[in-house]
>>> print(open('coords34.cif').read())   # mmCIF, C-alpha atoms; chains and numbers go by the auth columns
data_protein
#
loop_
_atom_site.group_PDB
_atom_site.id
_atom_site.type_symbol
_atom_site.label_atom_id
_atom_site.label_comp_id
_atom_site.label_asym_id
_atom_site.label_seq_id
_atom_site.Cartn_x
_atom_site.Cartn_y
_atom_site.Cartn_z
_atom_site.B_iso_or_equiv
_atom_site.auth_seq_id
_atom_site.auth_asym_id
ATOM 1 C CA MET A 1 79.289 -250.429 -68.762 0.00 247 E
ATOM 2 C CA TYR A 2 77.282 -247.232 -68.298 0.00 248 E
ATOM 3 C CA PHE A 3 73.637 -246.945 -67.378 0.00 249 E
ATOM 4 C CA GLN A 4 71.588 -243.862 -68.088 0.00 250 E
ATOM 5 C CA LEU A 5 69.293 -243.286 -65.134 0.00 251 E
ATOM 6 C CA LYS A 6 66.050 -241.444 -65.701 0.00 252 E
ATOM 7 C CA PRO A 7 65.730 -238.719 -63.053 0.00 253 E
ATOM 8 C CA PRO A 8 62.432 -238.558 -61.137 0.00 254 E
ATOM 9 C CA SER A 9 59.953 -235.946 -62.282 0.00 255 E
ATOM 10 C CA ILE A 10 59.175 -232.867 -60.195 0.00 256 E
ATOM 11 C CA SER A 11 55.644 -234.158 -59.578 0.00 257 E
ATOM 12 C CA LYS A 12 56.975 -237.485 -58.253 0.00 258 E
ATOM 13 C CA ILE A 13 59.430 -235.726 -55.943 0.00 259 E
ATOM 14 C CA ARG A 14 56.659 -233.431 -54.700 0.00 260 E
ATOM 15 C CA ALA A 15 54.329 -236.386 -54.124 0.00 261 E
ATOM 16 C CA LYS A 16 57.033 -238.235 -52.164 0.00 262 E
ATOM 17 C CA PHE A 17 57.492 -235.261 -49.822 0.00 263 E
ATOM 18 C CA ILE A 18 53.735 -234.899 -49.290 0.00 264 E
ATOM 19 C CA ILE A 19 53.286 -238.557 -48.420 0.00 265 E
ATOM 20 C CA GLU A 20 56.300 -238.573 -46.075 0.00 266 E
ATOM 21 C CA LYS A 21 54.913 -235.476 -44.358 0.00 267 E
ATOM 22 C CA LEU A 22 51.580 -237.200 -43.729 0.00 268 E
ATOM 23 C CA GLY A 23 53.346 -239.902 -41.727 0.00 269 E
ATOM 24 C CA ASN A 24 54.372 -237.343 -39.088 0.00 270 E
ATOM 25 C CA TYR A 25 50.845 -236.250 -38.132 0.00 271 E
ATOM 26 C CA PRO A 26 49.043 -237.529 -34.997 0.00 272 E
ATOM 27 C CA ARG A 27 45.902 -239.646 -35.180 0.00 273 E
ATOM 28 C CA ASN A 28 43.312 -238.359 -32.769 0.00 274 E
ATOM 29 C CA ILE A 29 40.218 -236.839 -34.442 0.00 275 E
ATOM 30 C CA ASP A 30 37.185 -238.090 -36.346 0.00 276 E
ATOM 31 C CA ASN A 31 36.872 -237.794 -40.104 0.00 277 E
ATOM 32 C CA ILE A 32 36.356 -234.200 -41.277 0.00 278 E
ATOM 33 C CA ASN A 33 36.023 -233.045 -44.894 0.00 279 E
ATOM 34 C CA LEU A 34 37.459 -229.560 -45.437 0.00 280 E
ATOM 35 C CA PHE A 35 37.042 -227.945 -48.879 0.00 281 E
ATOM 36 C CA PHE A 36 38.938 -224.921 -50.238 0.00 282 E
ATOM 37 C CA THR A 37 37.128 -222.846 -52.844 0.00 283 E
ATOM 38 C CA GLY A 38 37.256 -219.357 -54.306 0.00 284 E
ATOM 39 C CA ARG A 39 38.417 -217.466 -57.342 0.00 285 E
ATOM 40 C CA THR A 40 41.420 -218.624 -59.347 0.00 286 E
ATOM 41 C CA GLY A 41 44.546 -217.175 -57.723 0.00 287 E
ATOM 42 C CA ALA A 42 42.889 -216.547 -54.336 0.00 288 E
ATOM 43 C CA GLY A 43 45.326 -218.833 -52.506 0.00 289 E
ATOM 44 C CA LYS A 44 43.628 -222.234 -52.199 0.00 290 E
ATOM 45 C CA THR A 45 46.711 -224.204 -53.196 0.00 291 E
ATOM 46 C CA THR A 46 48.925 -221.977 -51.043 0.00 292 E
ATOM 47 C CA LEU A 47 46.717 -222.815 -48.060 0.00 293 E
ATOM 48 C CA SER A 48 47.191 -226.525 -48.790 0.00 294 E
ATOM 49 C CA ASN A 49 50.942 -225.938 -48.803 0.00 295 E
ATOM 50 C CA ARG A 50 50.798 -224.152 -45.455 0.00 296 E
ATOM 51 C CA LEU A 51 48.925 -227.064 -43.882 0.00 297 E
ATOM 52 C CA LEU A 52 51.676 -229.371 -45.102 0.00 298 E
ATOM 53 C CA GLY A 53 54.401 -226.975 -43.992 0.00 299 E
ATOM 54 C CA SER A 54 56.129 -226.450 -47.339 0.00 300 E
ATOM 55 C CA ASP A 55 55.513 -225.625 -51.009 0.00 301 E
ATOM 56 C CA TYR A 56 54.755 -229.124 -52.260 0.00 302 E
ATOM 57 C CA PHE A 57 51.917 -228.129 -54.602 0.00 303 E
ATOM 58 C CA LEU A 58 52.630 -225.767 -57.468 0.00 304 E
ATOM 59 C CA SER A 59 50.813 -222.467 -56.980 0.00 305 E
ATOM 60 C CA THR A 60 50.424 -220.971 -60.430 0.00 306 E
ATOM 61 C CA GLY A 61 46.869 -219.670 -60.232 0.00 307 E
ATOM 62 C CA HIS A 62 45.623 -222.728 -62.089 0.00 308 E
ATOM 63 C CA GLN A 63 45.462 -226.429 -61.273 0.00 309 E
ATOM 64 C CA ASP A 64 47.974 -228.633 -63.110 0.00 310 E
ATOM 65 C CA CYS A 65 44.951 -230.411 -64.589 0.00 311 E
ATOM 66 C CA THR A 66 41.625 -228.634 -64.973 0.00 312 E
ATOM 67 C CA LYS A 67 39.781 -231.839 -64.073 0.00 313 E
ATOM 68 C CA GLU A 68 41.864 -232.488 -60.969 0.00 314 E
ATOM 69 C CA ILE A 69 40.757 -232.276 -57.355 0.00 315 E
ATOM 70 C CA ASN A 70 43.673 -232.627 -54.932 0.00 316 E
ATOM 71 C CA LEU A 71 42.732 -234.613 -51.820 0.00 317 E
ATOM 72 C CA ILE A 72 45.154 -234.717 -48.889 0.00 318 E
ATOM 73 C CA GLU A 73 44.234 -237.369 -46.322 0.00 319 E
ATOM 74 C CA PHE A 74 45.860 -236.568 -42.980 0.00 320 E
ATOM 75 C CA PRO A 75 46.301 -239.511 -40.549 0.00 321 E
ATOM 76 C CA ILE A 76 44.314 -237.588 -37.896 0.00 322 E
ATOM 77 C CA GLY A 77 41.179 -238.071 -40.013 0.00 323 E
ATOM 78 C CA LEU A 78 41.201 -234.682 -41.738 0.00 324 E
ATOM 79 C CA LYS A 79 40.577 -234.663 -45.489 0.00 325 E
ATOM 80 C CA CYS A 80 41.443 -231.445 -47.352 0.00 326 E
ATOM 81 C CA PHE A 81 40.109 -230.897 -50.872 0.00 327 E
ATOM 82 C CA ASP A 82 41.852 -228.322 -53.088 0.00 328 E
ATOM 83 C CA THR A 83 39.390 -227.503 -55.882 0.00 329 E
ATOM 84 C CA PRO A 84 39.889 -225.702 -59.228 0.00 330 E
ATOM 85 C CA GLY A 85 39.299 -221.947 -59.170 0.00 331 E
ATOM 86 C CA VAL A 86 36.134 -220.112 -60.176 0.00 332 E
ATOM 87 C CA CYS A 87 35.252 -216.875 -61.996 0.00 333 E
ATOM 88 C CA SER A 88 37.929 -217.179 -64.672 0.00 334 E
ATOM 89 C CA ASP A 89 37.427 -220.254 -66.838 0.00 335 E
ATOM 90 C CA GLU A 90 33.825 -221.492 -66.982 0.00 336 E
ATOM 91 C CA LEU A 91 34.766 -225.116 -67.651 0.00 337 E
ATOM 92 C CA LEU A 92 37.202 -224.952 -64.737 0.00 338 E
ATOM 93 C CA GLU A 93 34.413 -223.565 -62.540 0.00 339 E
ATOM 94 C CA ASN A 94 32.120 -226.440 -63.475 0.00 340 E
ATOM 95 C CA TYR A 95 34.713 -228.903 -62.138 0.00 341 E
ATOM 96 C CA ASN A 96 34.677 -226.929 -58.893 0.00 342 E
ATOM 97 C CA ARG A 97 30.873 -227.019 -58.801 0.00 343 E
ATOM 98 C CA VAL A 98 30.798 -230.771 -59.365 0.00 344 E
ATOM 99 C CA ALA A 99 33.275 -231.316 -56.520 0.00 345 E
ATOM 100 C CA LEU A 100 31.042 -229.327 -54.156 0.00 346 E
ATOM 101 C CA GLY A 101 27.785 -230.831 -55.382 0.00 347 E
ATOM 102 C CA ILE A 102 26.292 -227.598 -56.746 0.00 348 E
ATOM 103 C CA ASN A 103 24.627 -226.963 -60.094 0.00 349 E
ATOM 104 C CA GLN A 104 26.871 -226.469 -63.117 0.00 350 E
ATOM 105 C CA ILE A 105 26.721 -223.388 -65.343 0.00 351 E
ATOM 106 C CA GLU A 106 24.320 -224.624 -68.003 0.00 352 E
ATOM 107 C CA ASP A 107 25.402 -222.463 -70.946 0.00 353 E
ATOM 108 C CA CYS A 108 29.030 -223.612 -70.573 0.00 354 E
ATOM 109 C CA PRO A 109 30.698 -226.942 -71.399 0.00 355 E
ATOM 110 C CA ILE A 110 29.137 -229.495 -69.050 0.00 356 E
ATOM 111 C CA VAL A 111 31.493 -231.638 -66.975 0.00 357 E
ATOM 112 C CA GLU A 112 30.858 -235.377 -67.168 0.00 358 E
ATOM 113 C CA ASP A 113 33.819 -236.702 -65.197 0.00 359 E
ATOM 114 C CA LEU A 114 36.709 -235.510 -63.043 0.00 360 E
ATOM 115 C CA THR A 115 40.018 -236.705 -61.631 0.00 361 E
ATOM 116 C CA LEU A 116 40.720 -237.104 -57.923 0.00 362 E
ATOM 117 C CA ALA A 117 44.428 -237.037 -56.965 0.00 363 E
ATOM 118 C CA ARG A 118 44.543 -238.664 -53.530 0.00 364 E
ATOM 119 C CA TYR A 119 47.593 -238.109 -51.298 0.00 365 E
ATOM 120 C CA ARG A 120 47.762 -240.478 -48.337 0.00 366 E
ATOM 121 C CA GLU A 121 50.252 -242.069 -45.995 0.00 367 E
ATOM 122 C CA ASN A 122 52.194 -245.193 -47.046 0.00 368 E
ATOM 123 C CA CYS A 123 51.639 -244.594 -50.775 0.00 369 E
ATOM 124 C CA SER A 124 54.648 -243.885 -52.963 0.00 370 E
ATOM 125 C CA ALA A 125 52.670 -241.595 -55.286 0.00 371 E
ATOM 126 C CA PRO A 126 49.279 -239.896 -55.413 0.00 372 E
ATOM 127 C CA GLN A 127 46.491 -242.219 -56.484 0.00 373 E
ATOM 128 C CA GLU A 128 44.756 -240.632 -59.452 0.00 374 E
ATOM 129 C CA GLU A 129 41.257 -241.894 -60.102 0.00 375 E
ATOM 130 C CA ASN A 130 38.806 -240.771 -62.747 0.00 376 E
ATOM 131 C CA PHE A 131 35.128 -240.708 -61.784 0.00 377 E
ATOM 132 C CA SER A 132 31.893 -240.014 -63.570 0.00 378 E
ATOM 133 C CA ILE A 133 29.707 -237.443 -61.821 0.00 379 E
ATOM 134 C CA SER A 134 27.413 -240.105 -60.358 0.00 380 E
ATOM 135 C CA GLU A 135 30.385 -242.153 -59.140 0.00 381 E
ATOM 136 C CA PHE A 136 31.929 -239.113 -57.451 0.00 382 E
ATOM 137 C CA VAL A 137 28.625 -238.240 -55.758 0.00 383 E
ATOM 138 C CA ASN A 138 28.409 -241.786 -54.389 0.00 384 E
ATOM 139 C CA LEU A 139 31.758 -241.303 -52.634 0.00 385 E
ATOM 140 C CA GLU A 140 29.835 -239.082 -50.198 0.00 386 E
ATOM 141 C CA PHE A 141 32.549 -236.460 -49.769 0.00 387 E
ATOM 142 C CA GLN A 142 30.123 -234.043 -48.143 0.00 388 E
ATOM 143 C CA PRO A 143 31.874 -230.858 -46.956 0.00 389 E
ATOM 144 C CA ASP A 144 31.872 -230.452 -43.178 0.00 390 E
ATOM 145 C CA LEU A 145 33.456 -227.030 -43.616 0.00 391 E
ATOM 146 C CA ILE A 146 34.195 -224.842 -46.652 0.00 392 E
ATOM 147 C CA TYR A 147 36.895 -222.171 -46.707 0.00 393 E
ATOM 148 C CA TYR A 148 36.018 -219.486 -49.246 0.00 394 E
ATOM 149 C CA LEU A 149 39.358 -217.832 -50.082 0.00 395 E
ATOM 150 C CA ILE A 150 39.247 -214.134 -51.013 0.00 396 E
ATOM 151 C CA ALA A 151 42.175 -212.183 -52.471 0.00 397 E
ATOM 152 C CA PRO A 152 42.349 -208.729 -50.808 0.00 398 E
ATOM 153 C CA GLU A 153 43.600 -206.985 -53.960 0.00 399 E
ATOM 154 C CA LYS A 154 40.733 -208.246 -56.142 0.00 400 E
ATOM 155 C CA LEU A 155 37.211 -206.848 -56.269 0.00 401 E
ATOM 156 C CA PHE A 156 34.258 -209.069 -55.407 0.00 402 E
ATOM 157 C CA THR A 157 32.524 -209.276 -58.793 0.00 403 E
ATOM 158 C CA ARG A 158 29.112 -210.276 -60.116 0.00 404 E
ATOM 159 C CA GLY A 159 30.591 -213.678 -61.000 0.00 405 E
ATOM 160 C CA ASP A 160 31.715 -214.124 -57.389 0.00 406 E
ATOM 161 C CA ARG A 161 28.225 -213.234 -56.140 0.00 407 E
ATOM 162 C CA GLN A 162 26.518 -215.662 -58.514 0.00 408 E
ATOM 163 C CA TYR A 163 28.864 -218.492 -57.562 0.00 409 E
ATOM 164 C CA LEU A 164 28.487 -217.775 -53.851 0.00 410 E
ATOM 165 C CA ARG A 165 24.694 -217.573 -54.189 0.00 411 E
ATOM 166 C CA ASP A 166 24.660 -221.035 -55.780 0.00 412 E
ATOM 167 C CA LEU A 167 27.078 -222.393 -53.176 0.00 413 E
ATOM 168 C CA LEU A 168 24.936 -221.175 -50.265 0.00 414 E
ATOM 169 C CA LYS A 169 21.867 -222.920 -51.692 0.00 415 E
ATOM 170 C CA PHE A 170 23.569 -226.219 -50.887 0.00 416 E
ATOM 171 C CA HIS A 171 25.983 -225.372 -48.057 0.00 417 E
ATOM 172 C CA GLN A 172 25.775 -222.974 -45.108 0.00 418 E
ATOM 173 C CA ASN A 173 28.974 -224.099 -43.395 0.00 419 E
ATOM 174 C CA VAL A 174 31.140 -221.510 -45.191 0.00 420 E
ATOM 175 C CA ILE A 175 33.972 -219.491 -43.627 0.00 421 E
ATOM 176 C CA TYR A 176 35.282 -216.487 -45.568 0.00 422 E
ATOM 177 C CA VAL A 177 39.076 -216.257 -45.480 0.00 423 E
ATOM 178 C CA PHE A 178 40.929 -213.112 -46.590 0.00 424 E
ATOM 179 C CA ASN A 179 44.315 -214.208 -47.824 0.00 425 E
ATOM 180 C CA MET A 180 47.601 -212.340 -47.509 0.00 426 E
ATOM 181 C CA PHE A 181 49.871 -212.034 -50.532 0.00 427 E
ATOM 182 C CA VAL A 182 53.555 -211.194 -50.767 0.00 428 E
ATOM 183 C CA ASN A 183 55.165 -210.062 -54.019 0.00 429 E
ATOM 184 C CA LYS A 184 58.361 -212.119 -54.065 0.00 430 E
ATOM 185 C CA GLN A 185 60.100 -209.660 -56.380 0.00 431 E
ATOM 186 C CA THR A 186 59.331 -206.459 -54.479 0.00 432 E
ATOM 187 C CA GLY A 187 58.676 -207.872 -51.010 0.00 433 E
ATOM 188 C CA MET A 188 55.421 -205.898 -50.831 0.00 434 E
ATOM 189 C CA SER A 189 52.661 -207.472 -48.736 0.00 435 E
ATOM 190 C CA TYR A 190 48.944 -207.191 -49.413 0.00 436 E
ATOM 191 C CA PHE A 191 46.578 -207.518 -46.466 0.00 437 E
ATOM 192 C CA ALA A 192 42.823 -207.194 -46.305 0.00 438 E
ATOM 193 C CA LYS A 193 42.069 -203.713 -44.974 0.00 439 E
ATOM 194 C CA GLU A 194 38.882 -202.707 -43.218 0.00 440 E
ATOM 195 C CA ALA A 195 37.575 -201.177 -46.458 0.00 441 E
ATOM 196 C CA ASN A 196 38.157 -204.498 -48.295 0.00 442 E
ATOM 197 C CA ILE A 197 36.264 -206.416 -45.641 0.00 443 E
ATOM 198 C CA LYS A 198 33.347 -203.959 -45.597 0.00 444 E
ATOM 199 C CA ASP A 199 33.109 -203.925 -49.392 0.00 445 E
ATOM 200 C CA THR A 200 33.158 -207.719 -49.619 0.00 446 E
ATOM 201 C CA ALA A 201 30.592 -208.056 -46.821 0.00 447 E
ATOM 202 C CA THR A 202 28.333 -205.612 -48.675 0.00 448 E
ATOM 203 C CA GLN A 203 28.685 -207.595 -51.904 0.00 449 E
ATOM 204 C CA ILE A 204 28.000 -210.906 -50.144 0.00 450 E
ATOM 205 C CA LEU A 205 24.806 -209.559 -48.561 0.00 451 E
ATOM 206 C CA LYS A 206 23.410 -208.181 -51.846 0.00 452 E
#
>>> encode(input="coords34.cif", output="structure tokens")
Amino acid sequence: MYFQLKPPSISKIRAKFIIEKLGNYPRNIDNINLFFTGRTGAGKTTLSNRLLGSDYFLSTGHQDCTKEINLIEFPIGLKCFDTPGVCSDELLENYNRVALGINQIEDCPIVEDLTLARYRENCSAPQEENFSISEFVNLEFQPDLIYYLIAPEKLFTRGDRQYLRDLLKFHQNVIYVFNMFVNKQTGMSYFAKEANIKDTATQILK
């Protein structure tokens, strides 16, 4: 007799590795909420991968689900939130804004709910929960620190300035992070040069 076994999906394999990885972290700090934000393709998901030590999350420049917020709960008490990107798709940006508790773009499709994919120790798969906006707000995931990821090869645009202006109305605990990119085909690396930093600083202060 033959049995046809259904192979596990890539997402299930990835989730298994993430959860196993969480079991190896120490437990010695208080709860801290760390949020990653920035333009689509700036490296938010890549940063999540680096914290885990491997490429467990797909980094395609877009979230697998536009409504999805990835939450990694480290045993040490650190919670890392990987949010959808901004300044590309306005609906996608509104999911980001909801996650960070800032006003949505009014003349765009308004977000009424979102999905939280929670990765934690001792769970065989991420727990995906759908919340209304009011329910998500009541979870009290207030950012203790926000990493604003900036791609060195991209200009800081008017859309970036508007988003950042709205973000700073609600949060001042923002750290600007210039990412480094490597073209896997050519091996070329892109770093933030002094001119990039000065230009971005000028745009931020406008």
>>> residues_near_point(input="coords34.cif", point="(43.1, -235.1, -54.5)", cutoff="8 Å", atoms="all atoms listed in the file", output="ChimeraX atom specification")
/E:314-318,327-328,361-365,372,374
>>> closest_residue(input="coords34.cif", among="E:Lys400, E:His417, E:Arg411, E:Lys439", to="Phe281 of chain E", atoms="only C-alpha atoms")
E:His417
>>> closest_residue(input="coords34.cif", among="E:Asp412, E:Glu381, E:Glu352, E:Asp406", to="Arg285 of chain E", atoms="only C-alpha atoms")
E:Asp406
>>> resolve_selection(input="coords34.cif", expression="the PyMOL selection byres ((chain E and resi 337-350) around 7)", output="list in words")
Thr312, Lys313, Thr329, Pro330, Gly331, Val332, Cys333, Asp335, Glu336, Ile351, Glu352, Cys354, Pro355, Val357, Leu360, Asp412, Leu413 and Phe416 of chain E
>>> atom_distance(input="coords34.cif", atom1="atom CA of Phe282 of chain E", atom2="atom CA of Ile421 of chain E")
9.9 Å
>>> atom_distance(input="coords34.cif", atom1="atom CA of Glu319 of chain E", atom2="atom CA of Glu367 of chain E")
7.6 Å
>>> atom_distance(input="coords34.cif", atom1="atom CA of Glu386 of chain E", atom2="atom CA of Leu280 of chain E")
13.1 Å
>>> resolve_selection(input="coords34.cif", expression="the PyMOL selection byres ((chain E and resi 391) around 12)", output="list in words")
Asn277, Ile278, Asn279, Leu280, Phe281, Phe282, Thr283, Leu324, Lys325, Cys326, Phe327, Leu346, Phe387, Gln388, Pro389, Asp390, Ile392, Tyr393, Tyr394, His417, Gln418, Asn419, Val420, Ile421 and Tyr422 of chain E
